[in-house]
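Reproduced below: coords.csv, with CSV, N, CA and C atoms.
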chain,number,residue,atom,x,y,z
P,1,MET,N,-0.5,89.6,43.9
P,1,MET,CA,0.0,88.9,45.0
P,1,MET,C,0.1,87.4,44.7
P,2,LYS,N,1.2,86.8,45.0
P,2,LYS,CA,1.3,85.3,44.7
P,2,LYS,C,1.1,84.5,46.0
P,3,ALA,N,0.6,83.3,45.8
P,3,ALA,CA,0.4,82.4,46.9
P,3,ALA,C,1.7,81.8,47.4
P,4,PRO,N,2.0,81.7,48.7
P,4,PRO,CA,3.3,81.3,49.2
P,4,PRO,C,3.7,79.9,48.6
P,5,ILE,N,2.7,79.0,48.5
P,5,ILE,CA,3.1,77.6,48.1
P,5,ILE,C,3.4,77.6,46.6
P,6,LEU,N,2.6,78.4,45.8
P,6,LEU,CA,2.7,78.4,44.4
P,6,LEU,C,3.9,79.3,43.9
P,7,GLY,N,4.2,80.3,44.7
P,7,GLY,CA,5.2,81.2,44.3
P,7,GLY,C,5.0,81.8,42.9
P,8,ASP,N,6.0,81.6,42.0
P,8,ASP,CA,5.9,82.1,40.7
P,8,ASP,C,5.4,81.1,39.7
P,9,THR,N,4.9,79.9,40.2
P,9,THR,CA,4.5,78.8,39.3
P,9,THR,C,3.5,79.2,38.3
P,10,LEU,N,2.4,79.9,38.7
P,10,LEU,CA,1.4,80.3,37.7
P,10,LEU,C,1.9,81.2,36.6
P,11,GLY,N,2.7,82.2,37.0
P,11,GLY,CA,3.3,83.1,36.1
P,11,GLY,C,4.2,82.4,35.1
P,12,PHE,N,4.9,81.4,35.6
P,12,PHE,CA,5.8,80.6,34.8
P,12,PHE,C,5.0,79.8,33.8
P,13,LEU,N,3.9,79.2,34.2
P,13,LEU,CA,3.1,78.4,33.3
P,13,LEU,C,2.4,79.2,32.3
P,14,ARG,N,2.0,80.4,32.6
P,14,ARG,CA,1.3,81.3,31.7
P,14,ARG,C,2.2,81.9,30.7
P,15,ARG,N,3.3,82.6,31.2
P,15,ARG,CA,4.2,83.3,30.3
P,15,ARG,C,5.6,83.3,30.9
P,16,PRO,N,6.3,82.2,30.6
P,16,PRO,CA,7.6,82.0,31.2
P,16,PRO,C,8.6,83.0,30.8
P,17,VAL,N,8.7,83.4,29.6
P,17,VAL,CA,9.7,84.4,29.1
P,17,VAL,C,9.4,85.7,29.8
P,18,ALA,N,8.1,86.1,29.9
P,18,ALA,CA,7.8,87.4,30.5
P,18,ALA,C,8.2,87.4,32.0
P,19,LEU,N,8.0,86.2,32.6
P,19,LEU,CA,8.4,86.1,34.0
P,19,LEU,C,9.9,86.3,34.2
P,20,PHE,N,10.7,85.7,33.4
P,20,PHE,CA,12.1,85.8,33.4
P,20,PHE,C,12.6,87.2,33.1
P,21,GLU,N,12.0,87.8,32.1
P,21,GLU,CA,12.4,89.2,31.7
P,21,GLU,C,12.1,90.1,32.9
P,22,GLU,N,10.9,90.0,33.5
P,22,GLU,CA,10.5,90.8,34.7
P,22,GLU,C,11.5,90.6,35.8
P,23,LYS,N,11.8,89.4,36.2
P,23,LYS,CA,12.8,89.1,37.3
P,23,LYS,C,14.2,89.7,36.9
P,24,ARG,N,14.6,89.6,35.7
P,24,ARG,CA,15.9,90.1,35.3
P,24,ARG,C,15.9,91.6,35.4
P,25,ARG,N,14.8,92.3,35.0
P,25,ARG,CA,14.8,93.7,35.1
P,25,ARG,C,14.8,94.1,36.6
P,26,GLN,N,14.1,93.4,37.5
P,26,GLN,CA,14.1,93.7,38.9
P,26,GLN,C,15.4,93.4,39.6
P,27,TYR,N,16.0,92.3,39.3
P,27,TYR,CA,17.1,91.8,40.1
P,27,TYR,C,18.5,91.7,39.4
P,28,GLY,N,18.5,91.8,38.1
P,28,GLY,CA,19.7,91.6,37.4
P,28,GLY,C,19.9,90.2,36.9
P,29,ASP,N,21.1,89.8,36.6
P,29,ASP,CA,21.4,88.5,35.9
P,29,ASP,C,21.3,87.3,36.8
P,30,VAL,N,21.2,87.5,38.1
P,30,VAL,CA,21.0,86.4,39.1
P,30,VAL,C,19.8,86.7,39.9
P,31,PHE,N,18.8,85.7,39.8
P,31,PHE,CA,17.6,85.9,40.6
P,31,PHE,C,17.0,84.5,40.9
P,32,LYS,N,16.1,84.5,41.9
P,32,LYS,CA,15.5,83.2,42.3
P,32,LYS,C,14.0,83.4,42.2
P,33,VAL,N,13.4,82.2,41.9
P,33,VAL,CA,11.9,82.2,41.8
P,33,VAL,C,11.5,80.9,42.6
P,34,ARG,N,10.2,80.9,43.0
P,34,ARG,CA,9.6,79.7,43.6
P,34,ARG,C,8.8,79.0,42.5
P,35,LEU,N,9.2,77.8,42.1
P,35,LEU,CA,8.4,77.0,41.1
P,35,LEU,C,8.1,75.6,41.6
P,36,PHE,N,6.8,75.3,41.6
P,36,PHE,CA,6.4,74.0,42.0
P,36,PHE,C,6.9,73.6,43.4
P,37,GLY,N,6.9,74.6,44.3
P,37,GLY,CA,7.3,74.4,45.7
P,37,GLY,C,8.8,74.4,45.9
P,38,GLN,N,9.6,74.7,44.9
P,38,GLN,CA,11.0,74.7,45.1
P,38,GLN,C,11.6,76.0,44.7
P,39,THR,N,12.7,76.4,45.4
P,39,THR,CA,13.4,77.7,45.1
P,39,THR,C,14.4,77.3,44.0
P,40,VAL,N,14.3,78.1,42.9
P,40,VAL,CA,15.2,77.8,41.7
P,40,VAL,C,15.9,79.1,41.5
P,41,VAL,N,17.2,79.0,41.4
P,41,VAL,CA,18.1,80.2,41.1
P,41,VAL,C,18.5,80.2,39.6
P,42,PHE,N,18.3,81.4,39.0
P,42,PHE,CA,18.7,81.5,37.6
P,42,PHE,C,19.9,82.4,37.4
P,43,LEU,N,20.8,82.1,36.6
P,43,LEU,CA,21.9,82.9,36.2
P,43,LEU,C,21.8,83.1,34.7
P,44,ILE,N,21.8,84.4,34.3
P,44,ILE,CA,21.6,84.7,32.9
P,44,ILE,C,22.8,85.5,32.4
P,45,GLY,N,23.2,85.3,31.1
P,45,GLY,CA,24.2,86.1,30.5
P,45,GLY,C,25.5,85.3,30.2
P,46,THR,N,26.4,85.9,29.5
P,46,THR,CA,27.6,85.2,29.1
P,46,THR,C,28.5,84.8,30.3
P,47,GLU,N,28.6,85.6,31.3
P,47,GLU,CA,29.5,85.3,32.4
P,47,GLU,C,28.8,84.1,33.2
P,48,ALA,N,27.5,84.1,33.3
P,48,ALA,CA,26.8,83.1,34.0
P,48,ALA,C,27.0,81.7,33.3
P,49,ASN,N,26.9,81.8,31.9
P,49,ASN,CA,27.1,80.6,31.1
P,49,ASN,C,28.5,80.0,31.3
P,50,LYS,N,29.5,80.9,31.3
P,50,LYS,CA,30.8,80.5,31.4
P,50,LYS,C,31.0,79.8,32.8
P,51,PHE,N,30.4,80.4,33.8
P,51,PHE,CA,30.5,79.9,35.2
P,51,PHE,C,29.9,78.5,35.2
P,52,LEU,N,28.7,78.4,34.7
P,52,LEU,CA,27.9,77.1,34.8
P,52,LEU,C,28.5,76.0,33.9
P,53,LEU,N,29.0,76.4,32.7
P,53,LEU,CA,29.4,75.4,31.8
P,53,LEU,C,30.9,75.0,31.9
P,54,ILE,N,31.7,75.9,32.4
P,54,ILE,CA,33.1,75.7,32.5
P,54,ILE,C,33.7,75.6,33.9
P,55,GLU,N,33.3,76.5,34.7
P,55,GLU,CA,33.9,76.6,36.1
P,55,GLU,C,33.0,76.0,37.2
P,56,GLN,N,31.8,75.5,36.9
P,56,GLN,CA,30.9,75.0,37.9
P,56,GLN,C,31.4,73.9,38.8
P,57,ALA,N,32.2,73.1,38.3
P,57,ALA,CA,32.7,71.9,39.1
P,57,ALA,C,33.5,72.4,40.3
P,58,LYS,N,34.1,73.6,40.3
P,58,LYS,CA,34.8,74.1,41.4
P,58,LYS,C,33.8,74.5,42.6
P,59,TYR,N,32.6,74.9,42.2
P,59,TYR,CA,31.8,75.6,43.1
P,59,TYR,C,30.4,74.9,43.4
P,60,LEU,N,29.9,74.2,42.4
P,60,LEU,CA,28.6,73.6,42.5
P,60,LEU,C,28.6,72.1,42.5
P,61,SER,N,27.6,71.5,43.1
P,61,SER,CA,27.4,70.0,43.1
P,61,SER,C,26.2,69.7,42.3
P,62,SER,N,26.3,68.9,41.2
P,62,SER,CA,25.1,68.4,40.5
P,62,SER,C,24.3,67.5,41.4
P,63,HIS,N,25.0,66.7,42.2
P,63,HIS,CA,24.2,65.8,43.1
P,63,HIS,C,23.4,66.6,44.1
P,64,LYS,N,23.9,67.6,44.7
P,64,LYS,CA,23.1,68.4,45.7
P,64,LYS,C,22.0,69.2,44.9
P,65,GLY,N,22.3,69.7,43.7
P,65,GLY,CA,21.3,70.5,43.0
P,65,GLY,C,20.2,69.7,42.5
P,66,TRP,N,20.4,68.4,42.3
P,66,TRP,CA,19.3,67.5,41.8
P,66,TRP,C,18.8,66.5,42.8
P,67,GLU,N,19.2,66.6,44.0
P,67,GLU,CA,18.9,65.5,45.0
P,67,GLU,C,17.4,65.2,45.1
P,68,ASN,N,16.6,66.2,44.8
P,68,ASN,CA,15.1,66.0,44.9
P,68,ASN,C,14.6,65.0,43.9
P,69,ILE,N,15.4,64.7,42.9
P,69,ILE,CA,14.9,63.7,41.9
P,69,ILE,C,15.7,62.4,42.0
P,70,ASP,N,16.5,62.3,43.0
P,70,ASP,CA,17.3,61.1,43.2
P,70,ASP,C,16.5,59.8,43.2
P,71,GLU,N,15.3,59.9,43.8
P,71,GLU,CA,14.4,58.7,43.8
P,71,GLU,C,14.1,58.2,42.4
P,72,LEU,N,13.9,59.1,41.5
P,72,LEU,CA,13.6,58.7,40.1
P,72,LEU,C,14.8,58.3,39.3
P,73,PHE,N,15.9,59.0,39.5
P,73,PHE,CA,17.1,58.7,38.7
P,73,PHE,C,18.3,58.4,39.6
P,74,HIS,N,18.1,57.4,40.5
P,74,HIS,CA,19.1,57.1,41.5
P,74,HIS,C,20.4,56.9,40.9
P,75,ASP,N,21.4,57.7,41.4
P,75,ASP,CA,22.8,57.6,40.9
P,75,ASP,C,22.9,57.8,39.4
P,76,GLY,N,22.0,58.6,38.8
P,76,GLY,CA,22.0,58.9,37.4
P,76,GLY,C,23.1,59.8,37.0
P,77,LEU,N,23.4,59.9,35.7
P,77,LEU,CA,24.5,60.8,35.2
P,77,LEU,C,24.4,62.2,35.7
P,78,MET,N,23.2,62.8,35.7
P,78,MET,CA,23.1,64.2,36.1
P,78,MET,C,23.3,64.4,37.6
P,79,LEU,N,23.3,63.3,38.4
P,79,LEU,CA,23.6,63.4,39.8
P,79,LEU,C,25.0,63.2,40.2
P,80,LYS,N,25.9,63.0,39.2
P,80,LYS,CA,27.3,62.7,39.4
P,80,LYS,C,28.1,64.0,39.3
P,81,ASP,N,29.2,64.0,39.9
P,81,ASP,CA,30.1,65.2,39.9
P,81,ASP,C,31.5,64.8,39.5
P,82,GLY,N,32.3,65.7,39.0
P,82,GLY,CA,33.7,65.5,38.8
P,82,GLY,C,34.1,64.4,37.9
P,83,THR,N,35.2,63.7,38.3
P,83,THR,CA,35.7,62.6,37.4
P,83,THR,C,34.7,61.4,37.3
P,84,ASN,N,33.9,61.2,38.3
P,84,ASN,CA,32.8,60.2,38.3
P,84,ASN,C,31.8,60.5,37.2
P,85,HIS,N,31.4,61.8,37.1
P,85,HIS,CA,30.5,62.2,36.0
P,85,HIS,C,31.2,62.1,34.6
P,86,GLN,N,32.4,62.5,34.5
P,86,GLN,CA,33.2,62.4,33.2
P,86,GLN,C,33.3,61.0,32.8
P,87,HIS,N,33.6,60.1,33.7
P,87,HIS,CA,33.8,58.7,33.3
P,87,HIS,C,32.5,58.1,32.8
P,88,HIS,N,31.4,58.3,33.5
P,88,HIS,CA,30.1,57.7,33.1
P,88,HIS,C,29.6,58.4,31.8
P,89,ARG,N,29.8,59.7,31.7
P,89,ARG,CA,29.4,60.4,30.5
P,89,ARG,C,30.1,59.8,29.2
P,90,SER,N,31.4,59.6,29.4
P,90,SER,CA,32.2,59.1,28.2
P,90,SER,C,31.7,57.7,27.8
P,91,ILE,N,31.2,56.9,28.7
P,91,ILE,CA,30.7,55.6,28.4
P,91,ILE,C,29.4,55.7,27.6
P,92,MET,N,28.6,56.7,27.9
P,92,MET,CA,27.3,56.9,27.3
P,92,MET,C,27.4,57.7,26.0
P,93,GLN,N,28.4,58.5,25.9
P,93,GLN,CA,28.4,59.5,24.8
P,93,GLN,C,28.4,58.9,23.4
P,94,SER,N,29.0,57.7,23.2
P,94,SER,CA,29.0,57.1,21.8
P,94,SER,C,27.5,56.8,21.4
P,95,ALA,N,26.6,56.5,22.3
P,95,ALA,CA,25.2,56.2,21.9
P,95,ALA,C,24.5,57.5,21.3
P,96,PHE,N,25.1,58.7,21.5
P,96,PHE,CA,24.4,59.9,21.1
P,96,PHE,C,25.1,60.6,19.9
P,97,ARG,N,26.1,59.9,19.3
P,97,ARG,CA,26.8,60.5,18.2
P,97,ARG,C,25.9,60.4,17.0
P,98,LYS,N,26.1,61.2,16.0
P,98,LYS,CA,25.3,61.3,14.8
P,98,LYS,C,25.1,59.9,14.1
P,99,GLU,N,26.2,59.2,14.0
P,99,GLU,CA,26.1,57.9,13.3
P,99,GLU,C,25.2,56.9,14.1
P,100,SER,N,25.4,56.9,15.4
P,100,SER,CA,24.5,56.1,16.2
P,100,SER,C,23.1,56.4,16.1
P,101,LEU,N,22.8,57.7,16.2
P,101,LEU,CA,21.4,58.2,16.1
P,101,LEU,C,20.8,57.8,14.8
P,102,LYS,N,21.5,57.9,13.7
P,102,LYS,CA,21.0,57.5,12.4
P,102,LYS,C,20.6,56.0,12.4
P,103,GLY,N,21.5,55.2,13.1
P,103,GLY,CA,21.2,53.8,13.2
P,103,GLY,C,19.9,53.4,13.9
P,104,TYR,N,19.5,54.3,14.8
P,104,TYR,CA,18.3,54.0,15.5
P,104,TYR,C,17.0,54.2,14.7
P,105,MET,N,17.2,55.0,13.6
P,105,MET,CA,16.0,55.3,12.7
P,105,MET,C,15.4,54.0,12.2
P,106,ALA,N,16.2,53.0,11.8
P,106,ALA,CA,15.6,51.8,11.2
P,106,ALA,C,14.8,51.0,12.3
P,107,LEU,N,15.2,51.2,13.5
P,107,LEU,CA,14.4,50.5,14.6
P,107,LEU,C,13.1,51.3,14.9
P,108,MET,N,13.2,52.7,14.8
P,108,MET,CA,12.1,53.5,15.3
P,108,MET,C,11.1,53.7,14.2
P,109,MET,N,11.4,53.8,13.0
P,109,MET,CA,10.5,54.2,11.9
P,109,MET,C,9.3,53.2,11.8
P,110,PRO,N,9.5,51.9,11.9
P,110,PRO,CA,8.3,51.0,11.8
P,110,PRO,C,7.3,51.3,13.0
P,111,LYS,N,7.8,51.6,14.1
P,111,LYS,CA,7.0,51.9,15.3
P,111,LYS,C,6.2,53.2,15.1
P,112,ILE,N,6.9,54.2,14.6
P,112,ILE,CA,6.3,55.5,14.3
P,112,ILE,C,5.2,55.4,13.3
P,113,GLU,N,5.5,54.7,12.2
P,113,GLU,CA,4.6,54.5,11.1
P,113,GLU,C,3.3,53.7,11.6
P,114,ALA,N,3.6,52.8,12.4
P,114,ALA,CA,2.4,52.0,12.9
P,114,ALA,C,1.5,52.8,13.9
P,115,PHE,N,2.1,53.7,14.5
P,115,PHE,CA,1.4,54.6,15.4
P,115,PHE,C,0.4,55.5,14.7
Output the structure of this file as structure tokens.
Amino acid sequence: MKAPILGDTLGFLRRPVALFEEKRRQYGDVFKVRLFGQTVVFLIGTEANKFLLIEQAKYLSSHKGWENIDELFHDGLMLKDGTNHQHHRSIMQSAFRKESLKGYMALMMPKIEAF
């Protein structure tokens, strides 16, 4: 029996893969769990990935899905939707290209070695 406030949190912390496998066996590719006081919905499988990665903008809002962290990341990229998200992502994307990441190594290595 699980505590109402904790929900599936303890099972998730102890054995996350086992928890997801159990829920998938019980409920199929779409199921929900209670983690850290929040209800979280999981979609598993190729159709779910297609939906989330390609078609999600038609049906889901990143802003509403992440609104509980808005205080930490106010107006952050993962809280934006649609063309607003695409615009801000394109601005940031060059910083994460392979060439850019290599350039950061010269700045990071002295700090890492000193640590």
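Interatomic distance, CA of Gly76 in chain P against CA of Gln38 in chain P: 20.7 Å.
Restricting the calculation to all atoms listed in the file, the smallest distance between Leu79 in chain P and any of P:Leu13, P:Met92, P:Met105, P:Lys64 is found for P:Lys64.
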Shell around Ser61 in chain P at 7 Å using all atoms listed in the file, local window under 5 positions removed, as a PyMOL selection string: chain P and resi 56+66+79-81
All alpha helix (DSSP H) positions in chain P, as an MDAnalysis selection string: chainID P and resid 9:14 16:27 46:50 56:59 62:65 82:93 98:114
List the spatial neighbours of Gly45 in chain P as a PDB file with N, CA and C atoms, keeping the file's coordinate frame - criterion: any atom at most 7 Å away, only C-alpha atoms, same-chain residues fewer than 3 positions off excluded.
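See out_0.pdb below for the written result:
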ATOM      1  N   ASP P  29      21.100  89.800  36.600  1.00  0.00           N
ATOM      2  CA  ASP P  29      21.400  88.500  35.900  1.00  0.00           C
ATOM      3  C   ASP P  29      21.300  87.300  36.800  1.00  0.00           C
ATOM      4  N   ALA P  48      27.500  84.100  33.300  1.00  0.00           N
ATOM      5  CA  ALA P  48      26.800  83.100  34.000  1.00  0.00           C
ATOM      6  C   ALA P  48      27.000  81.700  33.300  1.00  0.00           C
ATOM      7  N   ASN P  49      26.900  81.800  31.900  1.00  0.00           N
ATOM      8  CA  ASN P  49      27.100  80.600  31.100  1.00  0.00           C
ATOM      9  C   ASN P  49      28.500  80.000  31.300  1.00  0.00           C
TER      10      ASN P  49
END
Residues flagged strand (DSSP E or B) by DSSP in chain P, as a count of residues only: 12
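With atom C of Leu10 in chain P on one side and CA of Phe51 in chain P on the other, the separation reads 28.7 Å.
Minimum atom-to-atom distance to Val30 in chain P, evaluated using all atoms listed in the file, belongs to P:Leu43 out of P:Phe115, P:Leu43, P:Glu67, P:Ser94.
Between His63 in chain P and the candidates P:Val17, P:Met78, P:Val33, P:Leu107, the tightest atom-to-atom separation, counting all atoms listed in the file, involves P:Met78.
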Atom pair CA of Ile44 in chain P / atom N of Phe31 in chain P: separation (Å): 7.5 Å
Test item: which residues lie within 5 Å of (5.0, 77.1, 41.2) counting all atoms listed in the file, as an MDAnalysis selection string: chainID P and resid 6:10 34:37
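With only C-alpha atoms as the atoms that count, the residue of P:His74, P:Ala57, P:Glu21, P:Phe12 with the shortest distance to Val40 in chain P is P:Phe12.
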